[in-house]
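Structure data follow from final.csv (CSV, C-alpha atoms and all ligand atoms):
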```csv
chain,number,residue,atom,x,y,z
A,1,MET,CA,199.7,129.6,99.5
A,2,ASN,CA,197.0,127.9,101.7
A,3,LEU,CA,196.6,124.1,102.0
A,4,LEU,CA,193.5,124.0,99.8
A,5,GLN,CA,195.3,125.9,97.1
A,6,ARG,CA,198.2,123.5,97.3
A,7,LEU,CA,195.9,120.5,97.1
A,8,ARG,CA,194.1,122.0,94.1
A,9,ASP,CA,197.4,122.6,92.4
A,10,HIS,CA,198.5,119.0,92.7
A,11,ALA,CA,195.1,117.4,92.3
A,12,ARG,CA,193.6,116.1,89.1
A,13,SER,CA,189.9,116.2,89.0
A,14,ALA,CA,187.3,113.8,87.6
A,15,ARG,CA,183.6,114.0,87.3
A,16,LEU,CA,181.2,111.3,88.5
A,17,ALA,CA,178.1,110.4,86.5
A,18,ASP,CA,175.9,112.8,88.6
A,19,GLY,CA,178.3,115.7,87.8
A,20,THR,CA,180.1,115.7,91.2
A,21,ARG,CA,183.7,116.8,90.9
A,22,VAL,CA,186.2,114.7,92.8
A,23,TYR,CA,189.9,115.4,93.2
A,24,LEU,CA,192.6,112.7,93.0
A,25,ARG,CA,196.1,113.1,94.3
A,26,PRO,CA,198.8,111.1,95.9
A,27,LEU,CA,198.6,110.3,99.6
A,28,ARG,CA,200.6,112.7,101.8
A,29,GLU,CA,202.1,112.3,105.2
A,30,ALA,CA,199.6,114.8,106.6
A,31,ASP,CA,196.7,112.5,105.5
A,32,LEU,CA,197.8,109.9,108.0
A,33,ALA,CA,196.4,112.1,110.8
A,34,HIS,CA,192.9,111.5,109.2
A,35,ALA,CA,193.4,107.7,108.7
A,36,GLN,CA,191.3,106.8,111.8
A,37,GLN,CA,188.5,109.1,110.8
A,38,TYR,CA,188.5,107.6,107.3
A,39,PHE,CA,188.5,104.1,108.7
A,40,ASP,CA,185.6,104.9,111.0
A,41,GLU,CA,183.5,106.0,108.0
A,42,LEU,CA,183.8,102.5,106.5
A,43,SER,CA,181.0,100.1,107.5
A,44,GLU,CA,181.8,96.6,108.8
A,45,GLU,CA,180.8,95.2,105.4
A,46,THR,CA,183.1,97.6,103.6
A,47,LYS,CA,186.0,96.7,105.9
A,48,TYR,CA,185.3,93.0,105.4
A,49,LEU,CA,185.2,93.3,101.6
A,50,ARG,CA,188.4,95.4,101.6
A,51,PHE,CA,190.5,93.4,104.1
A,52,MET,CA,188.8,90.0,103.3
A,53,THR,CA,188.3,89.3,107.0
A,54,PRO,CA,186.4,91.0,109.8
A,55,THR,CA,188.5,94.1,110.6
A,56,PRO,CA,187.0,96.1,113.5
A,57,ASN,CA,190.0,98.2,114.2
A,58,LEU,CA,192.6,100.1,112.2
A,59,SER,CA,195.7,98.1,113.2
A,60,ALA,CA,199.2,99.5,113.8
A,61,GLU,CA,200.4,97.2,111.0
A,62,THR,CA,197.9,98.6,108.5
A,63,LEU,CA,198.8,102.1,109.4
A,64,ALA,CA,202.5,101.4,109.2
A,65,SER,CA,202.1,99.8,105.8
A,66,VAL,CA,200.1,102.8,104.5
A,67,ALA,CA,202.8,105.1,105.9
A,68,GLY,CA,205.5,102.9,104.4
A,69,ALA,CA,203.9,103.4,100.9
A,70,LEU,CA,204.9,107.0,101.2
A,71,HIS,CA,208.6,106.1,101.0
A,72,GLU,CA,208.5,102.8,99.1
A,73,ALA,CA,209.7,103.5,95.5
A,74,ARG,CA,207.4,101.0,93.8
A,75,ALA,CA,204.3,101.6,95.9
A,76,GLY,CA,201.7,104.3,95.6
A,77,ILE,CA,198.4,105.4,97.0
A,78,THR,CA,196.0,107.8,95.3
A,79,VAL,CA,193.3,109.3,97.4
A,80,ALA,CA,190.0,110.8,96.3
A,81,LEU,CA,188.6,113.9,97.9
A,82,VAL,CA,185.6,116.1,97.6
A,83,GLU,CA,185.3,119.7,98.6
A,84,HIS,CA,182.7,120.6,101.2
A,85,ASP,CA,182.4,124.0,102.9
A,86,GLY,CA,185.9,125.0,101.6
A,87,GLU,CA,187.5,121.8,103.1
A,88,GLN,CA,188.7,118.7,101.4
A,89,HIS,CA,187.3,115.5,102.7
A,90,LEU,CA,188.8,112.1,102.0
A,91,ILE,CA,186.3,109.7,100.4
A,92,GLY,CA,188.3,106.9,98.9
A,93,GLY,CA,191.7,105.5,98.0
A,94,ALA,CA,193.5,103.2,95.6
A,95,ARG,CA,196.6,101.4,96.7
A,96,VAL,CA,199.2,99.8,94.5
A,97,VAL,CA,201.9,97.7,96.1
A,98,PRO,CA,204.6,95.3,94.7
A,99,THR,CA,204.0,91.5,94.8
A,100,GLU,CA,206.8,88.9,95.1
A,101,ARG,CA,206.5,88.4,91.3
A,102,ARG,CA,208.7,90.7,89.3
A,103,GLY,CA,206.9,93.4,87.4
A,104,CYS,CA,203.5,92.5,89.0
A,105,CYS,CA,201.7,94.7,91.5
A,106,GLU,CA,198.6,94.3,93.5
A,107,PHE,CA,195.8,96.9,93.9
A,108,ALA,CA,193.2,97.5,96.6
A,109,LEU,CA,190.4,100.0,96.7
A,110,SER,CA,188.2,101.4,99.4
A,111,ILE,CA,185.5,104.0,99.3
A,112,VAL,CA,183.5,105.3,102.3
A,113,ASP,CA,180.0,103.9,102.2
A,114,ALA,CA,178.3,107.3,101.6
A,115,TRP,CA,180.2,107.5,98.3
A,116,GLN,CA,179.8,104.0,97.0
A,117,GLY,CA,177.7,103.2,94.0
A,118,ARG,CA,178.3,106.6,92.2
A,119,GLY,CA,181.0,105.5,89.8
A,120,LEU,CA,184.0,106.4,92.0
A,121,GLY,CA,185.2,102.8,92.0
A,122,GLN,CA,185.8,102.9,88.2
A,123,VAL,CA,187.6,106.3,88.6
A,124,LEU,CA,189.9,104.9,91.3
A,125,LEU,CA,190.6,101.6,89.5
A,126,ARG,CA,191.5,103.6,86.4
A,127,GLU,CA,193.8,105.7,88.6
A,128,ALA,CA,195.4,102.5,90.0
A,129,VAL,CA,196.2,101.3,86.5
A,130,ARG,CA,197.7,104.6,85.6
A,131,LEU,CA,199.8,104.6,88.8
A,132,ALA,CA,201.0,101.0,88.1
A,133,ARG,CA,202.1,102.1,84.6
A,134,ARG,CA,203.9,105.1,86.0
A,135,LEU,CA,205.7,102.7,88.5
A,136,ARG,CA,206.7,100.6,85.5
A,137,TYR,CA,204.8,97.4,86.3
A,138,HIS,CA,203.7,95.2,83.5
A,139,ARG,CA,200.9,93.5,85.3
A,140,ILE,CA,198.3,94.6,87.9
A,141,GLU,CA,196.3,92.1,90.0
A,142,GLY,CA,193.7,92.3,92.8
A,143,SER,CA,192.3,89.7,95.1
A,144,VAL,CA,188.6,90.1,95.5
A,145,LEU,CA,186.1,88.1,97.5
A,146,THR,CA,183.9,86.3,94.9
A,147,ILE,CA,180.8,87.7,96.6
A,148,ASN,CA,182.0,91.2,95.9
A,149,THR,CA,180.0,91.6,92.7
A,150,LYS,CA,180.4,95.4,92.7
A,151,MET,CA,184.2,95.2,92.6
A,152,LEU,CA,184.2,92.4,90.0
A,153,LYS,CA,181.9,94.5,87.8
A,154,VAL,CA,184.2,97.5,88.1
A,155,ALA,CA,187.2,95.3,87.2
A,156,GLN,CA,185.4,93.7,84.3
A,157,ARG,CA,184.4,97.0,82.9
A,158,LEU,CA,188.1,98.1,82.8
A,159,ARG,CA,189.0,94.9,80.9
A,160,PHE,CA,190.5,92.9,83.8
A,161,HIS,CA,190.5,89.2,83.4
A,162,LEU,CA,188.5,87.4,86.2
A,163,GLN,CA,189.6,84.0,87.6
A,164,VAL,CA,188.1,82.2,90.6
A,165,ASP,CA,191.0,80.8,92.7
A,166,PRO,CA,190.9,77.0,92.1
A,167,HIS,CA,192.2,76.4,95.7
A,168,ASP,CA,189.8,78.8,97.3
A,169,PRO,CA,186.7,79.7,95.3
A,170,SER,CA,185.7,82.4,97.8
A,171,VAL,CA,188.5,84.5,96.2
A,172,THR,CA,188.6,85.8,92.6
A,173,THR,CA,191.8,87.1,91.1
A,174,VAL,CA,191.3,90.0,88.7
A,175,SER,CA,194.3,90.9,86.5
A,176,ARG,CA,195.3,92.9,83.6
A,177,ALA,CA,198.5,93.2,81.5
A,178,LEU,CA,199.9,96.7,81.3
A,179,LEU,CA,201.2,97.3,77.8
A,180,PRO,CA,203.7,100.1,77.5
A,201,LIG,C1,184.1,97.9,95.4
A,201,LIG,C2,184.1,99.4,95.3
A,201,LIG,C3,185.5,99.9,95.2
A,201,LIG,C4,183.3,99.8,94.0
A,201,LIG,O1,183.2,101.2,93.9
A,201,LIG,P1,181.8,101.9,93.7
A,201,LIG,O2,182.1,103.3,93.5
A,201,LIG,O3,180.9,101.6,94.8
A,201,LIG,O4,181.3,101.2,92.4
A,201,LIG,P2,180.7,101.9,91.2
A,201,LIG,O5,179.7,103.0,91.6
A,201,LIG,O6,181.8,102.3,90.2
A,201,LIG,O7,179.8,100.8,90.6
A,201,LIG,C5,180.3,99.6,90.0
A,201,LIG,C6,179.2,98.8,89.3
A,201,LIG,O8,178.6,98.0,90.3
A,201,LIG,C7,177.2,98.1,90.1
A,201,LIG,N1,176.6,97.8,91.4
A,201,LIG,C8,176.3,98.7,92.4
A,201,LIG,N2,175.8,98.0,93.5
A,201,LIG,C9,175.8,96.7,93.1
A,201,LIG,C10,175.5,95.5,93.8
A,201,LIG,N3,175.0,95.5,95.1
A,201,LIG,N4,175.6,94.3,93.2
A,201,LIG,C11,176.1,94.3,91.9
A,201,LIG,N5,176.5,95.4,91.2
A,201,LIG,C12,176.3,96.6,91.8
A,201,LIG,C13,176.9,99.5,89.6
A,201,LIG,O9,175.7,99.5,88.9
A,201,LIG,C14,178.1,99.6,88.7
A,201,LIG,O10,177.9,99.0,87.5
A,201,LIG,P3,177.7,99.9,86.2
A,201,LIG,O11,179.0,100.6,86.0
A,201,LIG,O12,177.5,98.8,85.1
A,201,LIG,O13,176.6,100.8,86.4
A,201,LIG,C15,183.4,100.1,96.5
A,201,LIG,O14,182.0,99.7,96.5
A,201,LIG,C16,184.0,99.7,97.9
A,201,LIG,O15,184.9,100.4,98.4
A,201,LIG,N6,183.6,98.6,98.4
A,201,LIG,C17,184.1,98.1,99.7
A,201,LIG,C18,185.6,97.8,99.7
A,201,LIG,C19,185.9,96.8,98.5
A,201,LIG,O16,185.1,96.0,98.2
A,201,LIG,N7,187.1,96.9,98.0
A,201,LIG,C20,187.6,96.1,96.9
A,201,LIG,C21,188.7,95.2,97.4
A,201,LIG,S1,190.0,95.2,96.2
```

Give the structure from this file in structure tokens form.
Amino acid sequence: MNLLQRLRDHARSARLADGTRVYLRPLREADLAHAQQYFDELSEETKYLRFMTPTPNLSAETLASVAGALHEARAGITVALVEHDGEQHLIGGARVVPTERRGCCEFALSIVDAWQGRGLGQVLLREAVRLARRLRYHRIEGSVLTINTKMLKVAQRLRFHLQVDPHDPSVTTVSRALLP
């Protein structure tokens, strides 16, 4: 069975509003070889919004923590792919990691610039919620820059509660209870 077939077999698909089919599947070890290429497809603004600080380079720490999620029982990363010329191309990801609070996880999303604004954010956040439920969390949270209106809109649409951090108004916490 070739790689594409295996990917298809394990992928779930979703359709964006314009009809484009995207595939969602868990991150695999082999994807790490494409991490730098993915990172290079994110603009400076996207990296800033994702990491909440200027992030010109993919650090060894970030790479190690992404790799660690492959083996951490209560962490998960879902990646979004599209097919092009018979190849699958990584276009986004949703990450769910534990917090210090029991039963509560944190999500983060990133989408390469060329694929933003087409509804993939909503698809990926829905997937993060699904993943968090499967990992048996009862609450999911995200820290979002308050200027990040796109992310806040996506969260609000999926019934997340928004709260500006009283100690740092530049950050808004979005959260949602996960009922069984
Ligand atoms: C934030 C992000 C995940 C959202 O995903 P996306 O696929 O671009 O968003 P969507 O296409 O689902 O659009 C979300 C909404 O924002 C709206 N929107 C688009 N551009 C906007 C803008 N500049 N200002 C305000 N709203 C905007 C869209 O109209 C849509 O609203 P609608 O559903 O009512 O039509 C994505 O843009 C991204 O990766 N950004 C950089 C990294 C980041 O911010 N990560 C979040 C950290 S947790």

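The nearest approach to ligand LIG 201 (chain A) among the residues A:Ala64, A:Leu16, A:Val144, A:Leu178, with all atoms listed in the file taken into account, belongs to A:Val144.
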
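Using only C-alpha atoms and all ligand atoms, the smallest distance between any of A:Arg74, A:Arg28, A:His138, A:Arg50 and ligand LIG 201 (chain A) comes from A:Arg50.
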
**Request:** Using only C-alpha atoms and all ligand atoms, find each protein or nucleic acid residue lying at most 6 Å from ligand LIG 201 (chain A); present the set as a PyMOL selection string.
**Result:** chain A and resi 46+49-50+108-111+116-122+142+144+149-151+153-154

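Of the listed residues (A:Thr53, A:Ser59, A:Gln156, A:Thr78), A:Thr53 comes nearest to Ser170 (chain A); the distances count all atoms listed in the file.
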
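Atom to atom, CA of Arg21 (chain A) and CA of Leu81 (chain A) stand 9.0 Å apart.
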
**Pick from A:Thr172, A:Asn57, A:Trp115, A:Asp31, whichever lies nearest to Asp18 (chain A) using all atoms listed in the file** = A:Trp115

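Take CA of Tyr137 (chain A) and CA of Leu152 (chain A): the distance between them is 21.5 Å.
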
**Item:** Cut-off 9 Å around (188.9, 109.4, 100.9) with only C-alpha atoms: residues as a list in words
**Value:**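 Every polymer residue passing the test: Tyr38, Val79, Ala80, Leu81, Val82, His89, Leu90, Ile91, Gly92, Gly93, Ser110, Ile111 and Val112 of chain A.
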
**Prompt:** To one decimal place, how far is CA of Lys47 (chain A) from CA of Pro166 (chain A) in Å?
**Reply:**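 According to the coordinates, CA of Lys47 (chain A) and CA of Pro166 (chain A) are separated by 24.5 Å.
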
**Message:** My list of candidates is A:Ala73, A:Ala14, A:Val171, A:Val66. Which is closest to Ile147 (chain A) when distances are computed with only C-alpha atoms?
**Reply:**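 The closest residue to Ile147 (chain A) is A:Val171.
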
**Top pick for closest residue to Leu27 (chain A), considering A:His71, A:Arg139, A:His84, A:Arg159 and counting all atoms listed in the file** = A:His71

Since the input is missing atoms, can you rebuild N, CA and C atoms for region 135-166 of chain A and write them as a PDB file, in the coordinates of the input?
```pdb
ATOM      1  N   LEU A 135     204.672 103.409  87.656  1.00  0.00           N
ATOM      2  CA  LEU A 135     205.700 102.700  88.500  1.00  0.00           C
ATOM      3  C   LEU A 135     206.339 101.574  87.699  1.00  0.00           C
ATOM      4  N   ARG A 136     206.034 101.504  86.410  1.00  0.00           N
ATOM      5  CA  ARG A 136     206.700 100.600  85.500  1.00  0.00           C
ATOM      6  C   ARG A 136     206.366  99.093  85.739  1.00  0.00           C
ATOM      7  N   TYR A 137     205.191  98.820  86.234  1.00  0.00           N
ATOM      8  CA  TYR A 137     204.800  97.400  86.300  1.00  0.00           C
ATOM      9  C   TYR A 137     204.234  96.979  85.004  1.00  0.00           C
ATOM     10  N   HIS A 138     204.331  95.650  84.723  1.00  0.00           N
ATOM     11  CA  HIS A 138     203.700  95.200  83.500  1.00  0.00           C
ATOM     12  C   HIS A 138     202.459  94.373  83.704  1.00  0.00           C
ATOM     13  N   ARG A 139     202.127  94.178  84.995  1.00  0.00           N
ATOM     14  CA  ARG A 139     200.900  93.500  85.300  1.00  0.00           C
ATOM     15  C   ARG A 139     200.297  94.004  86.600  1.00  0.00           C
ATOM     16  N   ILE A 140     198.983  94.118  86.644  1.00  0.00           N
ATOM     17  CA  ILE A 140     198.300  94.600  87.900  1.00  0.00           C
ATOM     18  C   ILE A 140     197.252  93.508  88.231  1.00  0.00           C
ATOM     19  N   GLU A 141     197.216  93.175  89.511  1.00  0.00           N
ATOM     20  CA  GLU A 141     196.300  92.100  90.000  1.00  0.00           C
ATOM     21  C   GLU A 141     195.553  92.613  91.218  1.00  0.00           C
ATOM     22  N   GLY A 142     194.440  91.983  91.502  1.00  0.00           N
ATOM     23  CA  GLY A 142     193.700  92.300  92.800  1.00  0.00           C
ATOM     24  C   GLY A 142     193.074  90.979  93.241  1.00  0.00           C
ATOM     25  N   SER A 143     193.061  90.785  94.546  1.00  0.00           N
ATOM     26  CA  SER A 143     192.300  89.700  95.100  1.00  0.00           C
ATOM     27  C   SER A 143     191.008  90.191  95.632  1.00  0.00           C
ATOM     28  N   VAL A 144     189.933  89.610  95.140  1.00  0.00           N
ATOM     29  CA  VAL A 144     188.600  90.100  95.500  1.00  0.00           C
ATOM     30  C   VAL A 144     187.748  88.967  95.974  1.00  0.00           C
ATOM     31  N   LEU A 145     186.964  89.199  97.011  1.00  0.00           N
ATOM     32  CA  LEU A 145     186.100  88.100  97.500  1.00  0.00           C
ATOM     33  C   LEU A 145     185.053  87.885  96.325  1.00  0.00           C
ATOM     34  N   THR A 146     184.785  86.621  96.048  1.00  0.00           N
ATOM     35  CA  THR A 146     183.900  86.300  94.900  1.00  0.00           C
ATOM     36  C   THR A 146     182.489  86.821  95.130  1.00  0.00           C
ATOM     37  N   ILE A 147     182.113  87.065  96.378  1.00  0.00           N
ATOM     38  CA  ILE A 147     180.800  87.700  96.600  1.00  0.00           C
ATOM     39  C   ILE A 147     180.752  89.159  96.327  1.00  0.00           C
ATOM     40  N   ASN A 148     181.918  89.747  96.073  1.00  0.00           N
ATOM     41  CA  ASN A 148     182.000  91.200  95.900  1.00  0.00           C
ATOM     42  C   ASN A 148     181.681  91.590  94.440  1.00  0.00           C
ATOM     43  N   THR A 149     180.393  91.424  94.097  1.00  0.00           N
ATOM     44  CA  THR A 149     180.000  91.600  92.700  1.00  0.00           C
ATOM     45  C   THR A 149     180.270  93.046  92.194  1.00  0.00           C
ATOM     46  N   LYS A 150     180.166  94.024  93.097  1.00  0.00           N
ATOM     47  CA  LYS A 150     180.400  95.400  92.700  1.00  0.00           C
ATOM     48  C   LYS A 150     181.859  95.580  92.187  1.00  0.00           C
ATOM     49  N   MET A 151     182.803  95.066  92.987  1.00  0.00           N
ATOM     50  CA  MET A 151     184.200  95.200  92.600  1.00  0.00           C
ATOM     51  C   MET A 151     184.515  94.416  91.342  1.00  0.00           C
ATOM     52  N   LEU A 152     183.915  93.227  91.228  1.00  0.00           N
ATOM     53  CA  LEU A 152     184.200  92.400  90.000  1.00  0.00           C
ATOM     54  C   LEU A 152     183.622  93.108  88.785  1.00  0.00           C
ATOM     55  N   LYS A 153     182.488  93.775  88.949  1.00  0.00           N
ATOM     56  CA  LYS A 153     181.900  94.500  87.800  1.00  0.00           C
ATOM     57  C   LYS A 153     182.781  95.656  87.377  1.00  0.00           C
ATOM     58  N   VAL A 154     183.298  96.374  88.368  1.00  0.00           N
ATOM     59  CA  VAL A 154     184.200  97.500  88.100  1.00  0.00           C
ATOM     60  C   VAL A 154     185.427  96.987  87.299  1.00  0.00           C
ATOM     61  N   ALA A 155     186.009  95.881  87.801  1.00  0.00           N
ATOM     62  CA  ALA A 155     187.200  95.300  87.200  1.00  0.00           C
ATOM     63  C   ALA A 155     186.933  94.863  85.751  1.00  0.00           C
ATOM     64  N   GLN A 156     185.796  94.188  85.593  1.00  0.00           N
ATOM     65  CA  GLN A 156     185.400  93.700  84.300  1.00  0.00           C
ATOM     66  C   GLN A 156     185.254  94.812  83.265  1.00  0.00           C
ATOM     67  N   ARG A 157     184.635  95.870  83.734  1.00  0.00           N
ATOM     68  CA  ARG A 157     184.400  97.000  82.900  1.00  0.00           C
ATOM     69  C   ARG A 157     185.745  97.638  82.387  1.00  0.00           C
ATOM     70  N   LEU A 158     186.784  97.512  83.235  1.00  0.00           N
ATOM     71  CA  LEU A 158     188.100  98.100  82.800  1.00  0.00           C
ATOM     72  C   LEU A 158     188.988  96.975  82.251  1.00  0.00           C
ATOM     73  N   ARG A 159     188.371  95.986  81.674  1.00  0.00           N
ATOM     74  CA  ARG A 159     189.000  94.900  80.900  1.00  0.00           C
ATOM     75  C   ARG A 159     190.008  94.083  81.721  1.00  0.00           C
ATOM     76  N   PHE A 160     189.710  93.894  83.005  1.00  0.00           N
ATOM     77  CA  PHE A 160     190.500  92.900  83.800  1.00  0.00           C
ATOM     78  C   PHE A 160     189.940  91.545  83.511  1.00  0.00           C
ATOM     79  N   HIS A 161     190.844  90.563  83.595  1.00  0.00           N
ATOM     80  CA  HIS A 161     190.500  89.200  83.400  1.00  0.00           C
ATOM     81  C   HIS A 161     190.100  88.637  84.833  1.00  0.00           C
ATOM     82  N   LEU A 162     189.000  87.898  84.941  1.00  0.00           N
ATOM     83  CA  LEU A 162     188.500  87.400  86.200  1.00  0.00           C
ATOM     84  C   LEU A 162     188.798  85.895  86.324  1.00  0.00           C
ATOM     85  N   GLN A 163     189.402  85.425  87.416  1.00  0.00           N
ATOM     86  CA  GLN A 163     189.600  84.000  87.600  1.00  0.00           C
ATOM     87  C   GLN A 163     189.355  83.572  89.027  1.00  0.00           C
ATOM     88  N   VAL A 164     188.387  82.679  89.203  1.00  0.00           N
ATOM     89  CA  VAL A 164     188.100  82.200  90.600  1.00  0.00           C
ATOM     90  C   VAL A 164     189.308  81.320  90.976  1.00  0.00           C
ATOM     91  N   ASP A 165     189.806  81.537  92.198  1.00  0.00           N
ATOM     92  CA  ASP A 165     191.000  80.800  92.700  1.00  0.00           C
ATOM     93  C   ASP A 165     190.559  79.301  92.813  1.00  0.00           C
ATOM     94  N   PRO A 166     191.249  78.401  92.081  1.00  0.00           N
ATOM     95  CA  PRO A 166     190.900  77.000  92.100  1.00  0.00           C
ATOM     96  C   PRO A 166     191.036  76.373  93.518  1.00  0.00           C
TER      97      PRO A 166
END
```
